[in-house]
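*Asks:* This is entry_31.cif, which holds mmCIF, N, CA, C and O atoms:
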```cif
data_data
#
loop_
_atom_site.label_atom_id
_atom_site.label_comp_id
_atom_site.auth_asym_id
_atom_site.auth_seq_id
_atom_site.Cartn_x
_atom_site.Cartn_y
_atom_site.Cartn_z
N ALA B 124 9.20 -5.92 -22.18
CA ALA B 124 9.69 -7.28 -22.38
C ALA B 124 10.70 -7.65 -21.29
O ALA B 124 10.70 -8.78 -20.80
N ILE B 125 11.55 -6.69 -20.90
CA ILE B 125 12.56 -6.96 -19.87
C ILE B 125 11.88 -7.25 -18.54
O ILE B 125 12.24 -8.20 -17.84
N VAL B 126 10.90 -6.43 -18.18
CA VAL B 126 10.18 -6.62 -16.92
C VAL B 126 9.46 -7.96 -16.92
O VAL B 126 9.53 -8.71 -15.94
N ASP B 127 8.77 -8.27 -18.01
CA ASP B 127 8.03 -9.53 -18.09
C ASP B 127 8.98 -10.73 -17.97
O ASP B 127 8.69 -11.69 -17.25
N ARG B 128 10.10 -10.68 -18.67
CA ARG B 128 11.06 -11.78 -18.66
C ARG B 128 11.63 -11.98 -17.25
O ARG B 128 11.72 -13.10 -16.75
N ASN B 129 11.97 -10.90 -16.58
CA ASN B 129 12.53 -11.02 -15.23
C ASN B 129 11.47 -11.38 -14.20
O ASN B 129 11.79 -12.05 -13.21
N TYR B 130 10.24 -10.96 -14.41
CA TYR B 130 9.15 -11.37 -13.52
C TYR B 130 8.99 -12.89 -13.60
O TYR B 130 8.90 -13.57 -12.57
N GLU B 131 8.97 -13.42 -14.82
CA GLU B 131 8.85 -14.87 -15.00
C GLU B 131 10.04 -15.61 -14.39
O GLU B 131 9.87 -16.67 -13.78
N ARG B 132 11.22 -15.05 -14.54
CA ARG B 132 12.41 -15.66 -13.97
C ARG B 132 12.34 -15.69 -12.44
O ARG B 132 12.62 -16.71 -11.80
N ALA B 133 11.93 -14.57 -11.84
CA ALA B 133 11.79 -14.50 -10.38
C ALA B 133 10.73 -15.47 -9.88
O ALA B 133 10.92 -16.17 -8.87
N GLU B 134 9.62 -15.53 -10.58
CA GLU B 134 8.54 -16.45 -10.20
C GLU B 134 9.02 -17.90 -10.27
O GLU B 134 8.75 -18.69 -9.36
N GLN B 135 9.79 -18.24 -11.30
CA GLN B 135 10.30 -19.61 -11.43
C GLN B 135 11.30 -19.93 -10.33
O GLN B 135 11.29 -21.03 -9.78
N LEU B 136 12.16 -18.97 -9.99
CA LEU B 136 13.11 -19.19 -8.90
C LEU B 136 12.39 -19.46 -7.58
O LEU B 136 12.78 -20.34 -6.81
N LEU B 137 11.34 -18.71 -7.32
CA LEU B 137 10.56 -18.92 -6.09
C LEU B 137 9.89 -20.30 -6.10
O LEU B 137 9.89 -21.01 -5.10
N LYS B 138 9.32 -20.67 -7.23
CA LYS B 138 8.67 -21.99 -7.33
C LYS B 138 9.69 -23.11 -7.17
O LYS B 138 9.42 -24.11 -6.49
N ASP B 139 10.86 -22.96 -7.78
CA ASP B 139 11.89 -24.00 -7.70
C ASP B 139 12.45 -24.14 -6.29
O ASP B 139 12.99 -25.19 -5.94
N ASN B 140 12.38 -23.09 -5.51
CA ASN B 140 12.97 -23.09 -4.16
C ASN B 140 11.92 -22.90 -3.07
O ASN B 140 12.23 -22.40 -1.99
N LEU B 141 10.70 -23.34 -3.33
CA LEU B 141 9.61 -23.14 -2.39
C LEU B 141 9.90 -23.79 -1.04
O LEU B 141 9.59 -23.22 0.01
N ASP B 142 10.53 -24.97 -1.04
CA ASP B 142 10.87 -25.62 0.22
C ASP B 142 11.82 -24.76 1.06
O ASP B 142 11.64 -24.62 2.27
N LYS B 143 12.78 -24.14 0.42
CA LYS B 143 13.73 -23.27 1.13
C LYS B 143 13.04 -22.00 1.61
O LYS B 143 13.32 -21.50 2.70
N LEU B 144 12.13 -21.50 0.82
CA LEU B 144 11.37 -20.32 1.21
C LEU B 144 10.56 -20.60 2.48
O LEU B 144 10.55 -19.79 3.40
N HIS B 145 9.95 -21.77 2.54
CA HIS B 145 9.16 -22.14 3.73
C HIS B 145 10.06 -22.36 4.95
O HIS B 145 9.70 -21.93 6.06
N LEU B 146 11.22 -23.00 4.76
CA LEU B 146 12.15 -23.16 5.88
C LEU B 146 12.60 -21.81 6.42
O LEU B 146 12.68 -21.60 7.63
N MET B 147 12.88 -20.88 5.51
CA MET B 147 13.31 -19.55 5.93
C MET B 147 12.19 -18.81 6.66
O MET B 147 12.43 -18.18 7.70
N ALA B 148 10.97 -18.91 6.15
CA ALA B 148 9.84 -18.25 6.80
C ALA B 148 9.62 -18.82 8.20
O ALA B 148 9.41 -18.07 9.17
N GLU B 149 9.69 -20.14 8.35
CA GLU B 149 9.51 -20.76 9.67
C GLU B 149 10.61 -20.32 10.64
O GLU B 149 10.33 -20.05 11.81
N ALA B 150 11.85 -20.25 10.15
CA ALA B 150 12.96 -19.82 11.00
C ALA B 150 12.77 -18.37 11.44
O ALA B 150 13.01 -18.03 12.60
N LEU B 151 12.32 -17.52 10.53
CA LEU B 151 12.11 -16.11 10.88
C LEU B 151 10.96 -15.96 11.88
O LEU B 151 11.03 -15.12 12.78
N ILE B 152 9.93 -16.76 11.74
CA ILE B 152 8.82 -16.70 12.70
C ILE B 152 9.30 -17.14 14.08
O ILE B 152 8.98 -16.51 15.09
N LYS B 153 10.11 -18.20 14.12
CA LYS B 153 10.57 -18.72 15.41
C LYS B 153 11.64 -17.86 16.05
O LYS B 153 11.59 -17.56 17.23
N TYR B 154 12.65 -17.45 15.26
CA TYR B 154 13.82 -16.77 15.82
C TYR B 154 13.82 -15.26 15.60
O TYR B 154 14.65 -14.56 16.17
N GLU B 155 12.95 -14.74 14.76
CA GLU B 155 12.84 -13.33 14.39
C GLU B 155 13.96 -12.85 13.47
O GLU B 155 13.74 -12.01 12.63
N THR B 156 15.16 -13.35 13.65
CA THR B 156 16.26 -13.03 12.74
C THR B 156 17.01 -14.33 12.47
O THR B 156 16.95 -15.27 13.28
N ILE B 157 17.71 -14.36 11.35
CA ILE B 157 18.54 -15.52 11.05
C ILE B 157 19.91 -15.03 10.62
O ILE B 157 20.06 -13.94 10.10
N ASP B 158 20.91 -15.86 10.89
CA ASP B 158 22.29 -15.47 10.56
C ASP B 158 22.81 -16.30 9.39
O ASP B 158 22.11 -17.12 8.82
N ALA B 159 24.07 -16.09 9.05
CA ALA B 159 24.67 -16.76 7.89
C ALA B 159 24.66 -18.28 8.03
O ALA B 159 24.43 -19.00 7.05
N ASP B 160 24.89 -18.79 9.25
CA ASP B 160 24.88 -20.24 9.46
C ASP B 160 23.50 -20.82 9.18
O ASP B 160 23.37 -21.89 8.58
N GLN B 161 22.47 -20.13 9.62
CA GLN B 161 21.11 -20.61 9.39
C GLN B 161 20.75 -20.54 7.90
O GLN B 161 20.12 -21.45 7.38
N ILE B 162 21.18 -19.49 7.23
CA ILE B 162 20.92 -19.39 5.78
C ILE B 162 21.65 -20.50 5.05
O ILE B 162 21.10 -21.12 4.13
N GLU B 163 22.86 -20.80 5.48
CA GLU B 163 23.62 -21.90 4.87
C GLU B 163 22.87 -23.23 5.04
O GLU B 163 22.77 -24.02 4.10
N ASP B 164 22.34 -23.47 6.24
CA ASP B 164 21.53 -24.68 6.47
C ASP B 164 20.34 -24.72 5.52
O ASP B 164 20.08 -25.73 4.87
N ILE B 165 19.62 -23.63 5.44
CA ILE B 165 18.42 -23.56 4.61
C ILE B 165 18.76 -23.80 3.14
O ILE B 165 18.09 -24.58 2.45
N MET B 166 19.81 -23.15 2.66
CA MET B 166 20.18 -23.29 1.25
C MET B 166 20.68 -24.71 0.93
O MET B 166 20.63 -25.14 -0.21
N SER B 167 21.11 -25.44 1.97
CA SER B 167 21.51 -26.84 1.79
C SER B 167 20.33 -27.78 1.93
O SER B 167 20.51 -29.00 1.85
N GLY B 168 19.15 -27.23 2.20
CA GLY B 168 17.95 -28.05 2.33
C GLY B 168 17.74 -28.63 3.71
O GLY B 168 16.88 -29.49 3.90
N ARG B 169 18.53 -28.16 4.69
CA ARG B 169 18.40 -28.65 6.07
C ARG B 169 17.61 -27.65 6.90
O ARG B 169 17.66 -26.45 6.64
N PRO B 170 16.91 -28.11 7.92
CA PRO B 170 16.28 -27.16 8.86
C PRO B 170 17.38 -26.34 9.53
O PRO B 170 18.43 -26.87 9.86
N PRO B 171 17.15 -25.05 9.73
CA PRO B 171 18.20 -24.21 10.32
C PRO B 171 18.43 -24.53 11.79
O PRO B 171 17.49 -24.83 12.52
N ARG B 172 19.69 -24.48 12.18
CA ARG B 172 20.03 -24.66 13.59
C ARG B 172 19.63 -23.40 14.35
O ARG B 172 19.52 -22.33 13.76
N PRO B 173 19.42 -23.50 15.65
CA PRO B 173 19.08 -22.30 16.43
C PRO B 173 20.26 -21.33 16.47
O PRO B 173 21.41 -21.76 16.34
N PRO B 174 20.00 -20.04 16.67
CA PRO B 174 21.10 -19.09 16.85
C PRO B 174 21.95 -19.50 18.06
O PRO B 174 21.47 -20.18 18.96
N GLN B 175 23.20 -19.07 18.07
CA GLN B 175 24.12 -19.48 19.14
C GLN B 175 23.61 -19.08 20.52
O GLN B 175 23.82 -19.80 21.48
N ASP B 176 22.94 -17.94 20.64
CA ASP B 176 22.48 -17.48 21.95
C ASP B 176 21.03 -17.87 22.23
O ASP B 176 20.42 -17.39 23.16
N TRP B 177 20.48 -18.78 21.43
CA TRP B 177 19.07 -19.17 21.57
C TRP B 177 18.88 -20.09 22.77
O TRP B 177 19.64 -21.02 22.98
N ASP B 178 17.86 -19.83 23.57
CA ASP B 178 17.54 -20.64 24.73
C ASP B 178 16.13 -21.18 24.53
O ASP B 178 15.17 -20.42 24.58
N ASP B 179 16.00 -22.46 24.30
CA ASP B 179 14.70 -23.09 24.03
C ASP B 179 13.98 -23.52 25.31
O ASP B 179 12.87 -24.04 25.23
N ARG B 180 14.62 -23.32 26.45
CA ARG B 180 13.99 -23.75 27.70
C ARG B 180 12.79 -22.87 28.00
O ARG B 180 12.80 -21.67 27.74
N PRO B 181 11.73 -23.45 28.56
CA PRO B 181 10.56 -22.64 28.90
C PRO B 181 10.90 -21.61 29.98
O PRO B 181 11.70 -21.88 30.86
N SER B 182 10.30 -20.46 29.86
CA SER B 182 10.52 -19.40 30.84
C SER B 182 9.82 -19.75 32.13
O SER B 182 8.69 -20.22 32.14
N THR B 183 10.50 -19.52 33.26
CA THR B 183 9.91 -19.83 34.56
C THR B 183 9.08 -18.67 35.07
O THR B 183 8.33 -18.82 36.02
N GLY B 184 9.26 -17.50 34.46
CA GLY B 184 8.51 -16.33 34.91
C GLY B 184 9.09 -15.72 36.16
O GLY B 184 8.57 -14.76 36.68
N SER B 185 10.19 -16.29 36.68
CA SER B 185 10.75 -15.78 37.92
C SER B 185 11.71 -14.63 37.69
O SER B 185 12.09 -13.96 38.63
N GLY B 186 12.11 -14.42 36.43
CA GLY B 186 13.05 -13.35 36.14
C GLY B 186 14.45 -13.69 36.54
O GLY B 186 15.32 -12.84 36.59
N SER B 187 14.72 -14.96 36.84
CA SER B 187 16.04 -15.35 37.33
C SER B 187 17.11 -15.23 36.26
O SER B 187 18.28 -15.19 36.59
N THR B 188 16.73 -15.18 34.98
CA THR B 188 17.75 -15.09 33.94
C THR B 188 18.12 -13.65 33.63
O THR B 188 19.08 -13.40 32.94
N ALA B 189 17.40 -12.68 34.12
CA ALA B 189 17.69 -11.28 33.84
C ALA B 189 18.79 -10.78 34.77
O ALA B 189 18.87 -11.17 35.92
N SER B 190 19.63 -9.90 34.24
CA SER B 190 20.69 -9.33 35.07
C SER B 190 20.08 -8.28 35.99
O SER B 190 18.95 -7.85 35.82
N ALA B 191 20.86 -7.86 36.96
CA ALA B 191 20.39 -6.84 37.90
C ALA B 191 20.04 -5.55 37.16
O ALA B 191 19.06 -4.89 37.46
N GLY B 192 20.85 -5.20 36.15
CA GLY B 192 20.57 -4.00 35.37
C GLY B 192 19.26 -4.10 34.61
O GLY B 192 18.50 -3.15 34.52
N GLU B 193 18.98 -5.29 34.07
CA GLU B 193 17.72 -5.49 33.37
C GLU B 193 16.54 -5.38 34.33
O GLU B 193 15.52 -4.80 34.02
N GLU B 194 16.70 -5.94 35.53
CA GLU B 194 15.64 -5.86 36.52
C GLU B 194 15.38 -4.40 36.91
O GLU B 194 14.25 -3.98 37.06
N ASP B 195 16.47 -3.61 37.10
CA ASP B 195 16.30 -2.20 37.43
C ASP B 195 15.56 -1.46 36.33
O ASP B 195 14.70 -0.62 36.60
N ARG B 196 15.89 -1.76 35.08
CA ARG B 196 15.21 -1.09 33.96
C ARG B 196 13.73 -1.47 33.93
O ARG B 196 12.89 -0.66 33.60
N LYS B 197 13.43 -2.72 34.24
CA LYS B 197 12.03 -3.17 34.22
C LYS B 197 11.23 -2.46 35.32
O LYS B 197 10.10 -2.05 35.12
N LYS B 198 11.83 -2.34 36.51
CA LYS B 198 11.12 -1.77 37.66
C LYS B 198 11.27 -0.26 37.75
O LYS B 198 10.45 0.39 38.37
N GLY B 199 12.31 0.28 37.16
CA GLY B 199 12.64 1.70 37.35
C GLY B 199 13.57 1.79 38.54
O GLY B 199 13.49 1.00 39.47
N ALA B 200 14.50 2.73 38.51
CA ALA B 200 15.47 2.86 39.60
C ALA B 200 14.75 3.21 40.89
O ALA B 200 13.79 3.97 40.90
N SER B 201 15.22 2.65 41.97
CA SER B 201 14.54 2.85 43.26
C SER B 201 14.67 4.28 43.76
O SER B 201 13.84 4.74 44.54
N ASP B 202 15.68 5.02 43.30
CA ASP B 202 15.83 6.40 43.76
C ASP B 202 15.01 7.38 42.92
O ASP B 202 15.05 8.58 43.15
N GLY B 203 14.28 6.88 41.93
CA GLY B 203 13.42 7.74 41.11
C GLY B 203 14.15 8.48 40.01
O GLY B 203 13.57 9.27 39.28
N SER B 204 15.47 8.25 39.87
CA SER B 204 16.24 8.98 38.86
C SER B 204 16.12 8.39 37.47
O SER B 204 16.49 9.02 36.50
N ASP B 205 15.64 7.18 37.35
CA ASP B 205 15.54 6.52 36.05
C ASP B 205 14.33 7.07 35.30
O ASP B 205 13.21 6.97 35.78
N PRO B 206 14.54 7.69 34.11
CA PRO B 206 13.42 8.26 33.37
C PRO B 206 12.55 7.21 32.70
O PRO B 206 11.48 7.51 32.22
N ILE B 207 13.02 5.95 32.67
CA ILE B 207 12.26 4.89 32.03
C ILE B 207 11.70 3.97 33.10
O ILE B 207 12.37 3.58 34.02
N GLY B 208 10.45 3.62 32.96
CA GLY B 208 9.83 2.71 33.90
C GLY B 208 9.00 3.46 34.91
O GLY B 208 8.95 4.67 34.95
N GLY B 209 8.32 2.72 35.74
CA GLY B 209 7.47 3.31 36.77
C GLY B 209 6.15 3.73 36.19
O GLY B 209 5.90 3.68 34.99
N PRO B 210 5.24 4.14 37.04
CA PRO B 210 3.90 4.55 36.60
C PRO B 210 3.95 5.76 35.66
O PRO B 210 4.82 6.61 35.78
N ALA B 211 3.03 5.81 34.73
CA ALA B 211 2.99 6.91 33.76
C ALA B 211 2.86 8.27 34.42
O ALA B 211 3.37 9.26 33.91
N GLY B 212 2.24 8.34 35.53
CA GLY B 212 2.05 9.61 36.24
C GLY B 212 3.35 10.24 36.70
O GLY B 212 3.41 11.42 37.00
N GLN B 213 4.42 9.45 36.77
CA GLN B 213 5.71 9.96 37.22
C GLN B 213 6.47 10.65 36.11
O GLN B 213 7.50 11.24 36.33
N HIS B 214 5.99 10.58 34.87
CA HIS B 214 6.75 11.11 33.73
C HIS B 214 6.23 12.44 33.29
O HIS B 214 5.16 12.80 33.27
#
```
Could you write out this structure as structure tokens?

*Replies:*
Amino acid sequence: AIVDRNYERAEQLLKDNLDKLHLMAEALIKYETIDADQIEDIMSGRPPRPPQDWDDRPSTGSGSTASAGEEDRKKGASDGSDPIGGPAGQH
């Protein structure tokens, strides 16, 4: 009886808040994670704002936004000392 009663309660909560559930799902699909500010927006019935570090600009593909360290990790260190990156045959 306890399980059945709480199952019905959980189901009703989900039905009553379906709009918030969909807003949260859309935010998670777009941003992958959400923070307290976004949850506050959702619970207030508003679309969530983007995370503070979110950049909606299209990527140019030039890699200009990556730091030098990120570029080194992507390419592998030029002296061959970096164990990450480079062709698989080097590992």

*Asks:* For Leu146 in chain B, which of B:Arg172, B:Arg180, B:Ile165, B:Ala159 is the closest residue, counting only C-alpha atoms?

*Replies:*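 Using only C-alpha atoms, Leu146 in chain B sits closest to B:Ile165.
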
*Asks:* If the PyMOL selection byres ((chain B and resi 143) around 8) is run on the structure shown, which residues does it catch, given as a list of chain:residue names?

*Replies:*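 Applied to this file, the PyMOL selection byres ((chain B and resi 143) around 8) selects B:Leu137, B:Lys138, B:Asp139, B:Asn140, B:Leu141, B:Asp142, B:Leu144, B:His145, B:Leu146, B:Met147, B:Ala148, B:Glu149, B:Ala150, B:Ile162, B:Asp164, B:Ile165, B:Met166, B:Ser167, B:Gly168, B:Arg169.
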
*Asks:* Counting only C-alpha atoms, write as a tab-separated table (two decimals) with N, CA, C and O atoms, in the frame of the given file all protein and nucleic acid residues lying at most 7 Å from (18.1, -19.2, 12.0) in the file's frame.

*Replies:*
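As written to disk, part-v7.tsv reads:
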```
chain	number	residue	atom	x	y	z
B	150	ALA	N	11.85	-20.25	10.15
B	150	ALA	CA	12.96	-19.82	11.00
B	150	ALA	C	12.77	-18.37	11.44
B	150	ALA	O	13.01	-18.03	12.60
B	151	LEU	N	12.32	-17.52	10.53
B	151	LEU	CA	12.11	-16.11	10.88
B	151	LEU	C	10.96	-15.96	11.88
B	151	LEU	O	11.03	-15.12	12.78
B	154	TYR	N	12.65	-17.45	15.26
B	154	TYR	CA	13.82	-16.77	15.82
B	154	TYR	C	13.82	-15.26	15.60
B	154	TYR	O	14.65	-14.56	16.17
B	156	THR	N	15.16	-13.35	13.65
B	156	THR	CA	16.26	-13.03	12.74
B	156	THR	C	17.01	-14.33	12.47
B	156	THR	O	16.95	-15.27	13.28
B	157	ILE	N	17.71	-14.36	11.35
B	157	ILE	CA	18.54	-15.52	11.05
B	157	ILE	C	19.91	-15.03	10.62
B	157	ILE	O	20.06	-13.94	10.10
B	158	ASP	N	20.91	-15.86	10.89
B	158	ASP	CA	22.29	-15.47	10.56
B	158	ASP	C	22.81	-16.30	9.39
B	158	ASP	O	22.11	-17.12	8.82
B	161	GLN	N	22.47	-20.13	9.62
B	161	GLN	CA	21.11	-20.61	9.39
B	161	GLN	C	20.75	-20.54	7.90
B	161	GLN	O	20.12	-21.45	7.38
B	162	ILE	N	21.18	-19.49	7.23
B	162	ILE	CA	20.92	-19.39	5.78
B	162	ILE	C	21.65	-20.50	5.05
B	162	ILE	O	21.10	-21.12	4.13
B	171	PRO	N	17.15	-25.05	9.73
B	171	PRO	CA	18.20	-24.21	10.32
B	171	PRO	C	18.43	-24.53	11.79
B	171	PRO	O	17.49	-24.83	12.52
B	172	ARG	N	19.69	-24.48	12.18
B	172	ARG	CA	20.03	-24.66	13.59
B	172	ARG	C	19.63	-23.40	14.35
B	172	ARG	O	19.52	-22.33	13.76
B	173	PRO	N	19.42	-23.50	15.65
B	173	PRO	CA	19.08	-22.30	16.43
B	173	PRO	C	20.26	-21.33	16.47
B	173	PRO	O	21.41	-21.76	16.34
B	174	PRO	N	20.00	-20.04	16.67
B	174	PRO	CA	21.10	-19.09	16.85
B	174	PRO	C	21.95	-19.50	18.06
B	174	PRO	O	21.47	-20.18	18.96
```

*Asks:* Quote the spacing between CA of Arg128 in chain B and CA of Glu163 in chain B in Å to one decimal place.

*Replies:*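 For CA of Arg128 in chain B relative to CA of Glu163 in chain B, the distance reads 28.5 Å.
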
*Asks:* Would you compute the distance between atom N of Pro181 in chain B and atom C of Asp160 in chain B? Give it in Å to one decimal.

*Replies:*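 Answer for the atom N of Pro181 in chain B to atom C of Asp160 in chain B separation: 22.8 Å.
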
*Asks:* Between CA of Glu155 in chain B and CA of Ala133 in chain B, what is the spacing in Å?

*Replies:*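 Computing the Euclidean distance for CA of Ala133 in chain B and CA of Glu155 in chain B yields 24.8 Å.
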